[in-house]
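Asks: Input run.txt, format and content: compact mmCIF, N, CA and C atoms.
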# COMPACT_ATOMS: atom_id res chain seq x y z
N MET A 81 57.27 96.97 56.37
CA MET A 81 57.13 97.89 57.51
C MET A 81 56.02 98.90 57.23
N GLU A 82 55.21 99.11 58.20
CA GLU A 82 54.08 100.01 58.07
C GLU A 82 54.55 101.47 58.06
N TYR A 83 53.99 102.21 57.12
CA TYR A 83 54.28 103.63 57.04
C TYR A 83 53.31 104.33 57.98
N ASP A 84 53.77 104.69 59.15
CA ASP A 84 52.86 105.20 60.17
C ASP A 84 52.84 106.72 60.24
N MET A 85 52.01 107.21 61.13
CA MET A 85 51.83 108.64 61.28
C MET A 85 53.13 109.35 61.65
N ARG A 86 53.92 108.74 62.49
CA ARG A 86 55.21 109.31 62.88
C ARG A 86 56.09 109.51 61.65
N ASP A 87 56.16 108.49 60.79
CA ASP A 87 56.95 108.60 59.57
C ASP A 87 56.43 109.69 58.65
N ARG A 88 55.12 109.80 58.57
CA ARG A 88 54.52 110.84 57.73
C ARG A 88 54.89 112.23 58.25
N ILE A 89 54.86 112.40 59.55
CA ILE A 89 55.23 113.70 60.13
C ILE A 89 56.70 113.99 59.86
N ILE A 90 57.56 113.01 60.06
CA ILE A 90 58.99 113.21 59.80
C ILE A 90 59.22 113.56 58.34
N ASP A 91 58.53 112.90 57.42
CA ASP A 91 58.65 113.24 56.00
C ASP A 91 58.25 114.69 55.75
N LYS A 92 57.19 115.13 56.38
CA LYS A 92 56.73 116.52 56.21
C LYS A 92 57.74 117.50 56.80
N LEU A 93 58.33 117.16 57.93
CA LEU A 93 59.36 118.03 58.51
C LEU A 93 60.57 118.11 57.59
N ASN A 94 60.92 116.99 56.97
CA ASN A 94 62.02 117.00 56.00
C ASN A 94 61.68 117.87 54.79
N GLU A 95 60.43 117.81 54.33
CA GLU A 95 59.99 118.69 53.24
C GLU A 95 60.16 120.16 53.63
N ILE A 96 59.78 120.48 54.84
CA ILE A 96 59.92 121.86 55.31
C ILE A 96 61.39 122.27 55.26
N ASP A 97 62.27 121.40 55.72
CA ASP A 97 63.70 121.70 55.69
C ASP A 97 64.20 121.94 54.26
N VAL A 98 63.74 121.12 53.32
CA VAL A 98 64.15 121.28 51.92
C VAL A 98 63.72 122.65 51.40
N HIS A 99 62.48 123.01 51.62
CA HIS A 99 61.97 124.30 51.13
C HIS A 99 62.65 125.47 51.84
N LEU A 100 62.91 125.31 53.12
CA LEU A 100 63.60 126.36 53.87
C LEU A 100 65.01 126.56 53.33
N ASN A 101 65.70 125.49 53.05
CA ASN A 101 67.05 125.60 52.48
C ASN A 101 67.03 126.24 51.10
N ARG A 102 66.01 125.97 50.32
CA ARG A 102 65.88 126.63 49.02
C ARG A 102 65.73 128.13 49.20
N ILE A 103 64.90 128.53 50.14
CA ILE A 103 64.72 129.96 50.40
C ILE A 103 66.04 130.58 50.83
N LYS A 104 66.73 129.93 51.75
CA LYS A 104 68.01 130.47 52.24
C LYS A 104 69.04 130.60 51.13
N SER A 105 68.98 129.71 50.15
CA SER A 105 69.98 129.74 49.07
C SER A 105 69.75 130.86 48.06
N ILE A 106 68.54 131.42 48.02
CA ILE A 106 68.24 132.46 47.01
C ILE A 106 67.88 133.81 47.62
N ARG A 107 67.73 133.88 48.92
CA ARG A 107 67.25 135.13 49.51
C ARG A 107 68.28 136.24 49.36
N VAL A 108 67.76 137.44 49.29
CA VAL A 108 68.60 138.62 49.12
C VAL A 108 68.71 139.35 50.45
N ASN A 109 69.61 140.32 50.51
CA ASN A 109 69.92 140.98 51.78
C ASN A 109 69.04 142.16 52.14
N SER A 110 68.43 142.79 51.16
CA SER A 110 67.64 143.98 51.47
C SER A 110 66.31 143.93 50.74
N PHE A 111 65.36 144.67 51.27
CA PHE A 111 64.05 144.74 50.64
C PHE A 111 64.17 145.38 49.26
N GLU A 112 65.03 146.35 49.13
CA GLU A 112 65.25 146.99 47.82
C GLU A 112 65.74 145.96 46.80
N ASP A 113 66.66 145.10 47.22
CA ASP A 113 67.14 144.04 46.34
C ASP A 113 66.01 143.08 45.97
N TYR A 114 65.16 142.80 46.94
CA TYR A 114 64.03 141.89 46.67
C TYR A 114 63.06 142.52 45.68
N LYS A 115 62.73 143.77 45.88
CA LYS A 115 61.80 144.43 44.95
C LYS A 115 62.31 144.39 43.53
N ASN A 116 63.63 144.49 43.36
CA ASN A 116 64.24 144.54 42.03
C ASN A 116 64.76 143.18 41.56
N ALA A 117 64.51 142.15 42.31
CA ALA A 117 65.04 140.82 41.99
C ALA A 117 64.39 140.26 40.74
N ASP A 118 65.09 139.34 40.15
CA ASP A 118 64.55 138.58 39.02
C ASP A 118 63.21 137.98 39.45
N PRO A 119 62.20 138.06 38.61
CA PRO A 119 60.89 137.49 38.98
C PRO A 119 60.94 136.01 39.37
N ASN A 120 61.89 135.27 38.82
CA ASN A 120 62.01 133.86 39.19
C ASN A 120 62.44 133.68 40.64
N ILE A 121 63.27 134.60 41.15
CA ILE A 121 63.66 134.56 42.56
C ILE A 121 62.45 134.83 43.43
N LYS A 122 61.68 135.83 43.06
CA LYS A 122 60.49 136.18 43.84
C LYS A 122 59.48 135.03 43.82
N TYR A 123 59.25 134.49 42.64
CA TYR A 123 58.30 133.39 42.51
C TYR A 123 58.76 132.18 43.34
N SER A 124 60.04 131.85 43.24
CA SER A 124 60.56 130.71 43.98
C SER A 124 60.43 130.92 45.49
N THR A 125 60.70 132.12 45.93
CA THR A 125 60.55 132.42 47.36
C THR A 125 59.10 132.25 47.79
N GLU A 126 58.19 132.84 47.03
CA GLU A 126 56.77 132.72 47.35
C GLU A 126 56.32 131.27 47.34
N ARG A 127 56.73 130.53 46.32
CA ARG A 127 56.31 129.13 46.18
C ARG A 127 56.84 128.28 47.34
N ASN A 128 58.09 128.48 47.71
CA ASN A 128 58.64 127.70 48.82
C ASN A 128 57.98 128.05 50.14
N LEU A 129 57.62 129.32 50.36
CA LEU A 129 56.87 129.69 51.56
C LEU A 129 55.50 129.01 51.56
N GLN A 130 54.86 128.97 50.39
CA GLN A 130 53.57 128.29 50.28
C GLN A 130 53.71 126.81 50.61
N LEU A 131 54.73 126.17 50.06
CA LEU A 131 54.92 124.74 50.29
C LEU A 131 55.27 124.44 51.75
N ILE A 132 55.99 125.34 52.40
CA ILE A 132 56.26 125.19 53.83
C ILE A 132 54.95 125.23 54.60
N SER A 133 54.12 126.21 54.28
CA SER A 133 52.83 126.34 54.96
C SER A 133 51.96 125.10 54.74
N ASP A 134 51.96 124.59 53.52
CA ASP A 134 51.16 123.39 53.24
C ASP A 134 51.68 122.19 54.02
N ALA A 135 52.99 122.03 54.09
CA ALA A 135 53.57 120.91 54.86
C ALA A 135 53.27 121.07 56.35
N GLU A 136 53.33 122.31 56.84
CA GLU A 136 53.00 122.56 58.25
C GLU A 136 51.54 122.19 58.52
N LEU A 137 50.66 122.52 57.60
CA LEU A 137 49.25 122.16 57.77
C LEU A 137 49.11 120.64 57.86
N ASP A 138 49.81 119.93 56.99
CA ASP A 138 49.76 118.46 57.05
C ASP A 138 50.23 117.96 58.41
N VAL A 139 51.28 118.55 58.94
CA VAL A 139 51.79 118.15 60.26
C VAL A 139 50.75 118.43 61.33
N VAL A 140 50.14 119.61 61.28
CA VAL A 140 49.12 119.96 62.28
C VAL A 140 47.95 118.99 62.22
N VAL A 141 47.51 118.62 61.02
CA VAL A 141 46.41 117.67 60.88
C VAL A 141 46.81 116.31 61.46
N LEU A 142 48.02 115.87 61.17
CA LEU A 142 48.49 114.59 61.71
C LEU A 142 48.61 114.63 63.23
N MET A 143 49.08 115.75 63.77
CA MET A 143 49.16 115.90 65.23
C MET A 143 47.76 115.88 65.82
N TYR A 144 46.84 116.52 65.15
CA TYR A 144 45.44 116.54 65.58
C TYR A 144 44.90 115.12 65.68
N LYS A 145 45.20 114.32 64.66
CA LYS A 145 44.74 112.92 64.65
C LYS A 145 45.46 112.11 65.73
N LYS A 146 46.74 112.34 65.90
CA LYS A 146 47.54 111.59 66.88
C LYS A 146 46.99 111.76 68.29
N PHE A 147 46.62 112.96 68.61
CA PHE A 147 46.19 113.23 69.97
C PHE A 147 44.69 113.03 70.17
N GLY A 148 44.07 112.26 69.24
CA GLY A 148 42.71 111.78 69.42
C GLY A 148 41.63 112.83 69.36
N ARG A 149 41.91 113.91 68.71
CA ARG A 149 40.89 114.95 68.60
C ARG A 149 39.88 114.56 67.53
N ASP A 150 38.62 114.87 67.78
CA ASP A 150 37.60 114.67 66.76
C ASP A 150 37.72 115.77 65.73
N VAL A 151 37.73 115.39 64.46
CA VAL A 151 37.83 116.38 63.39
C VAL A 151 36.45 117.00 63.20
N ALA A 152 36.36 118.25 63.57
CA ALA A 152 35.10 118.99 63.42
C ALA A 152 35.39 120.47 63.51
N GLY A 153 34.75 121.24 62.67
CA GLY A 153 34.84 122.69 62.78
C GLY A 153 35.93 123.36 61.99
N GLY A 154 36.73 122.62 61.27
CA GLY A 154 37.73 123.23 60.42
C GLY A 154 39.00 123.63 61.16
N LEU A 155 39.83 124.37 60.45
CA LEU A 155 41.16 124.72 60.95
C LEU A 155 41.14 125.51 62.26
N PRO A 156 40.29 126.52 62.41
CA PRO A 156 40.32 127.26 63.69
C PRO A 156 40.06 126.38 64.92
N SER A 157 39.11 125.47 64.81
CA SER A 157 38.84 124.60 65.97
C SER A 157 39.96 123.58 66.15
N MET A 158 40.59 123.17 65.04
CA MET A 158 41.72 122.25 65.12
C MET A 158 42.87 122.91 65.88
N ILE A 159 43.17 124.14 65.52
CA ILE A 159 44.25 124.88 66.18
C ILE A 159 43.93 125.06 67.66
N LYS A 160 42.69 125.43 67.95
CA LYS A 160 42.28 125.64 69.34
C LYS A 160 42.47 124.36 70.16
N SER A 161 42.14 123.23 69.57
CA SER A 161 42.24 121.97 70.31
C SER A 161 43.69 121.54 70.54
N LEU A 162 44.62 122.06 69.75
CA LEU A 162 46.03 121.68 69.90
C LEU A 162 46.81 122.60 70.83
N LYS A 163 46.13 123.57 71.42
CA LYS A 163 46.83 124.50 72.32
C LYS A 163 47.43 123.82 73.54
N SER A 164 46.92 122.65 73.88
CA SER A 164 47.50 121.92 75.02
C SER A 164 48.72 121.11 74.59
N VAL A 165 48.93 120.97 73.27
CA VAL A 165 50.04 120.17 72.75
C VAL A 165 51.14 121.05 72.17
N LEU A 166 50.76 122.06 71.41
CA LEU A 166 51.71 122.95 70.74
C LEU A 166 51.68 124.33 71.39
N SER A 167 52.82 124.99 71.40
CA SER A 167 52.90 126.30 72.05
C SER A 167 52.05 127.33 71.30
N SER A 168 51.56 128.29 72.03
CA SER A 168 50.72 129.33 71.41
C SER A 168 51.52 130.17 70.42
N SER A 169 52.81 130.38 70.69
CA SER A 169 53.62 131.15 69.74
C SER A 169 53.78 130.38 68.43
N LEU A 170 54.00 129.09 68.52
CA LEU A 170 54.11 128.27 67.31
C LEU A 170 52.81 128.31 66.51
N LEU A 171 51.69 128.18 67.19
CA LEU A 171 50.40 128.22 66.50
C LEU A 171 50.14 129.59 65.89
N GLY A 172 50.60 130.64 66.56
CA GLY A 172 50.46 131.99 66.01
C GLY A 172 51.26 132.18 64.73
N TYR A 173 52.50 131.71 64.72
CA TYR A 173 53.33 131.78 63.51
C TYR A 173 52.72 130.94 62.38
N PHE A 174 52.22 129.77 62.74
CA PHE A 174 51.58 128.89 61.76
C PHE A 174 50.39 129.62 61.12
N ASP A 175 49.57 130.23 61.94
CA ASP A 175 48.39 130.94 61.45
C ASP A 175 48.80 132.11 60.53
N LYS A 176 49.83 132.82 60.90
CA LYS A 176 50.33 133.95 60.09
C LYS A 176 50.80 133.46 58.71
N ARG A 177 51.52 132.33 58.69
CA ARG A 177 51.98 131.78 57.41
C ARG A 177 50.82 131.28 56.57
N ARG A 178 49.78 130.73 57.20
CA ARG A 178 48.60 130.28 56.45
C ARG A 178 47.92 131.48 55.79
N GLU A 179 47.85 132.59 56.50
CA GLU A 179 47.24 133.79 55.90
C GLU A 179 48.04 134.26 54.69
N LEU A 180 49.37 134.33 54.81
CA LEU A 180 50.20 134.72 53.69
C LEU A 180 50.05 133.72 52.55
N ARG A 181 50.08 132.45 52.85
CA ARG A 181 49.93 131.41 51.84
C ARG A 181 48.63 131.60 51.07
N ASN A 182 47.54 131.84 51.77
CA ASN A 182 46.25 132.00 51.11
C ASN A 182 46.23 133.22 50.20
N ARG A 183 46.83 134.29 50.64
CA ARG A 183 46.88 135.50 49.78
C ARG A 183 47.74 135.23 48.55
N LEU A 184 48.85 134.54 48.71
CA LEU A 184 49.72 134.24 47.57
C LEU A 184 49.07 133.28 46.59
N VAL A 185 48.41 132.26 47.11
CA VAL A 185 47.79 131.26 46.25
C VAL A 185 46.66 131.86 45.43
N HIS A 186 45.91 132.74 46.03
CA HIS A 186 44.77 133.33 45.34
C HIS A 186 45.16 134.57 44.53
N VAL A 187 46.43 134.92 44.56
CA VAL A 187 47.03 135.98 43.74
C VAL A 187 46.13 137.20 43.64
N TYR A 188 46.01 137.87 44.75
CA TYR A 188 45.26 139.12 44.75
C TYR A 188 46.12 140.19 44.11
N LYS A 189 45.89 140.45 42.83
CA LYS A 189 46.76 141.33 42.04
C LYS A 189 46.72 142.78 42.51
N GLU A 190 45.67 143.16 43.18
CA GLU A 190 45.59 144.54 43.64
C GLU A 190 46.50 144.81 44.83
N PHE A 191 47.11 143.75 45.37
CA PHE A 191 47.99 143.91 46.51
C PHE A 191 49.39 143.40 46.17
N SER A 192 50.36 144.02 46.77
CA SER A 192 51.73 143.54 46.66
C SER A 192 52.13 142.96 48.01
N PHE A 193 52.68 141.77 47.97
CA PHE A 193 53.10 141.11 49.19
C PHE A 193 54.61 141.05 49.29
N ASP A 194 55.29 141.87 48.49
CA ASP A 194 56.75 141.83 48.47
C ASP A 194 57.35 142.00 49.86
N LYS A 195 56.87 142.98 50.60
CA LYS A 195 57.45 143.25 51.93
C LYS A 195 57.27 142.05 52.86
N GLU A 196 56.06 141.52 52.89
CA GLU A 196 55.78 140.39 53.77
C GLU A 196 56.55 139.14 53.35
N VAL A 197 56.64 138.89 52.05
CA VAL A 197 57.40 137.73 51.56
C VAL A 197 58.88 137.91 51.88
N PHE A 198 59.40 139.10 51.62
CA PHE A 198 60.81 139.36 51.93
C PHE A 198 61.09 139.13 53.41
N GLU A 199 60.26 139.70 54.28
CA GLU A 199 60.48 139.55 55.72
C GLU A 199 60.36 138.08 56.14
N SER A 200 59.43 137.36 55.56
CA SER A 200 59.27 135.93 55.89
C SER A 200 60.48 135.12 55.43
N SER A 201 61.07 135.53 54.32
CA SER A 201 62.24 134.80 53.81
C SER A 201 63.50 135.13 54.61
N ARG A 202 63.55 136.30 55.21
CA ARG A 202 64.73 136.71 56.00
C ARG A 202 64.67 136.19 57.43
N ASP A 203 63.48 136.17 58.01
CA ASP A 203 63.33 135.73 59.40
C ASP A 203 62.63 134.38 59.41
N THR A 204 63.40 133.33 59.40
CA THR A 204 62.85 131.98 59.33
C THR A 204 62.92 131.25 60.68
N ALA A 205 63.20 131.98 61.73
CA ALA A 205 63.33 131.35 63.05
C ALA A 205 62.04 130.64 63.46
N ASP A 206 60.90 131.20 63.10
CA ASP A 206 59.63 130.57 63.47
C ASP A 206 59.42 129.24 62.74
N ILE A 207 59.89 129.15 61.50
CA ILE A 207 59.79 127.90 60.76
C ILE A 207 60.69 126.86 61.40
N GLU A 208 61.90 127.26 61.73
CA GLU A 208 62.84 126.36 62.39
C GLU A 208 62.31 125.93 63.76
N ALA A 209 61.68 126.84 64.48
CA ALA A 209 61.10 126.52 65.79
C ALA A 209 59.95 125.51 65.64
N PHE A 210 59.15 125.66 64.58
CA PHE A 210 58.07 124.72 64.32
C PHE A 210 58.64 123.30 64.18
N VAL A 211 59.65 123.16 63.35
CA VAL A 211 60.26 121.85 63.11
C VAL A 211 60.82 121.29 64.41
N GLN A 212 61.54 122.11 65.17
CA GLN A 212 62.15 121.64 66.42
C GLN A 212 61.10 121.23 67.45
N GLU A 213 60.04 122.01 67.57
CA GLU A 213 59.01 121.69 68.56
C GLU A 213 58.31 120.39 68.20
N ILE A 214 58.01 120.19 66.94
CA ILE A 214 57.36 118.95 66.52
C ILE A 214 58.30 117.76 66.75
N LYS A 215 59.58 117.93 66.45
CA LYS A 215 60.54 116.85 66.69
C LYS A 215 60.60 116.47 68.17
N LYS A 216 60.54 117.46 69.04
CA LYS A 216 60.55 117.18 70.49
C LYS A 216 59.31 116.39 70.90
N ILE A 217 58.17 116.76 70.34
CA ILE A 217 56.93 116.05 70.65
C ILE A 217 57.01 114.61 70.15
N ILE A 218 57.55 114.43 68.95
CA ILE A 218 57.71 113.08 68.40
C ILE A 218 58.62 112.25 69.31
N ASP A 219 59.75 112.83 69.71
CA ASP A 219 60.68 112.11 70.59
C ASP A 219 60.03 111.77 71.92
N ARG A 220 59.22 112.67 72.43
CA ARG A 220 58.58 112.47 73.73
C ARG A 220 57.41 111.49 73.66
N ASP A 221 56.59 111.59 72.61
CA ASP A 221 55.34 110.84 72.57
C ASP A 221 55.34 109.62 71.67
N TRP A 222 56.42 109.43 70.91
CA TRP A 222 56.47 108.28 69.99
C TRP A 222 57.69 107.40 70.25
N THR A 223 58.21 107.42 71.44
CA THR A 223 59.38 106.59 71.72
C THR A 223 59.01 105.35 72.50
Let me see whether you can do it: turn the structure in this file into structure tokens.

Replies:
Amino acid sequence: MEYDMRDRIIDKLNEIDVHLNRIKSIRVNSFEDYKNADPNIKYSTERNLQLISDAELDVVVLMYKKFGRDVAGGLPSMIKSLKSVLSSSLLGYFDKRRELRNRLVHVYKEFSFDKEVFESSRDTADIEAFVQEIKKIIDRDWT
């Protein structure tokens, strides 16, 4: 059986769910608790947010390819071309997570991202909405 684009997207959505569940299993209740948390908890939270963002990017690229868009101009033009397929709120959340991911990956030591990481780990509705919206598109366009 051919491993097709639909299967690849579903695999990426499953990856997102795994990382999201990891975050939910270790997240703390208050920002004060997060600031004082074991560094391994903080690192794991940051890493899982990064991996969610990376999996979302893979999904966006696959959606871009599915809908016959020419790959040109990088991520901003890719996002712009998908506005007719994906909701603007979903794309806005995606863009916000990419920004956080890039700051975390490049470890800008002069900045602390504790507040933003904590808030992202507590409010995961946008991540869940991303998964649900993509699943609806798959059900609608790949059946």

Asks: From the options A:Ile96, A:Ala117, A:Ile159, A:Ala205, which residue's atoms come nearest to Ile132 (chain A), counting all atoms listed in the file?

Replies: A:Ile96

Asks: Please return as number ranges by chain: the residues of region 95-222 of chain A that backbone DSSP assigns to alpha helix (DSSP H).

Replies: A: 95-106, 111-115, 119-146, 154-161, 168-185, 194-202, 205-221

Asks: Near Arg181 (chain A), within 8 Å and counting only C-alpha atoms, which residues show up once chain neighbours fewer than 2 positions away are dropped, as a PyMOL selection string?

Replies: chain A and resi 129-130+133+177-179+183-185

Asks: Work out how far apart CA of Tyr144 (chain A) and CA of Asn94 (chain A) are and give it in Å to one decimal.

Replies: 19.2 Å

Asks: Distance cut-off 12 Å, centre (52.0, 128.0, 63.7) in file coordinates, counting only C-alpha atoms: which residues qualify? Return them as a PyMOL selection string.

Replies: chain A and resi 132-140+155-156+158-160+162-163+166-179+205-211+213-214

Asks: Between atom N of Asp221 (chain A) and atom N of Leu180 (chain A), what is the distance in Å, rounded to a tenth?

Replies: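 Going from atom N of Asp221 (chain A) over to atom N of Leu180 (chain A) covers 29.8 Å.
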
Asks: Just the number, please: distance in Å from CA of Asp219 (chain A) to atom C of Thr204 (chain A), one decimal.

Replies: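 These atoms are spaced 21.7 Å apart.
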
Asks: Of the candidates A:Ser164, A:Ser157, A:Gln212, A:Ser201, which one gets nearest to Ile106 (chain A) if we count only C-alpha atoms?

Replies: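 Distance minimum relative to Ile106 (chain A) lands on A:Ser201.
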
Asks: Considering all atoms listed in the file, state which residue in the set A:Val165, A:Arg127, A:Ile90, A:Arg202 is at the smallest distance from Lys104 (chain A).

Replies: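 Of the candidates, the smallest distance to Lys104 (chain A) is held by A:Arg202.
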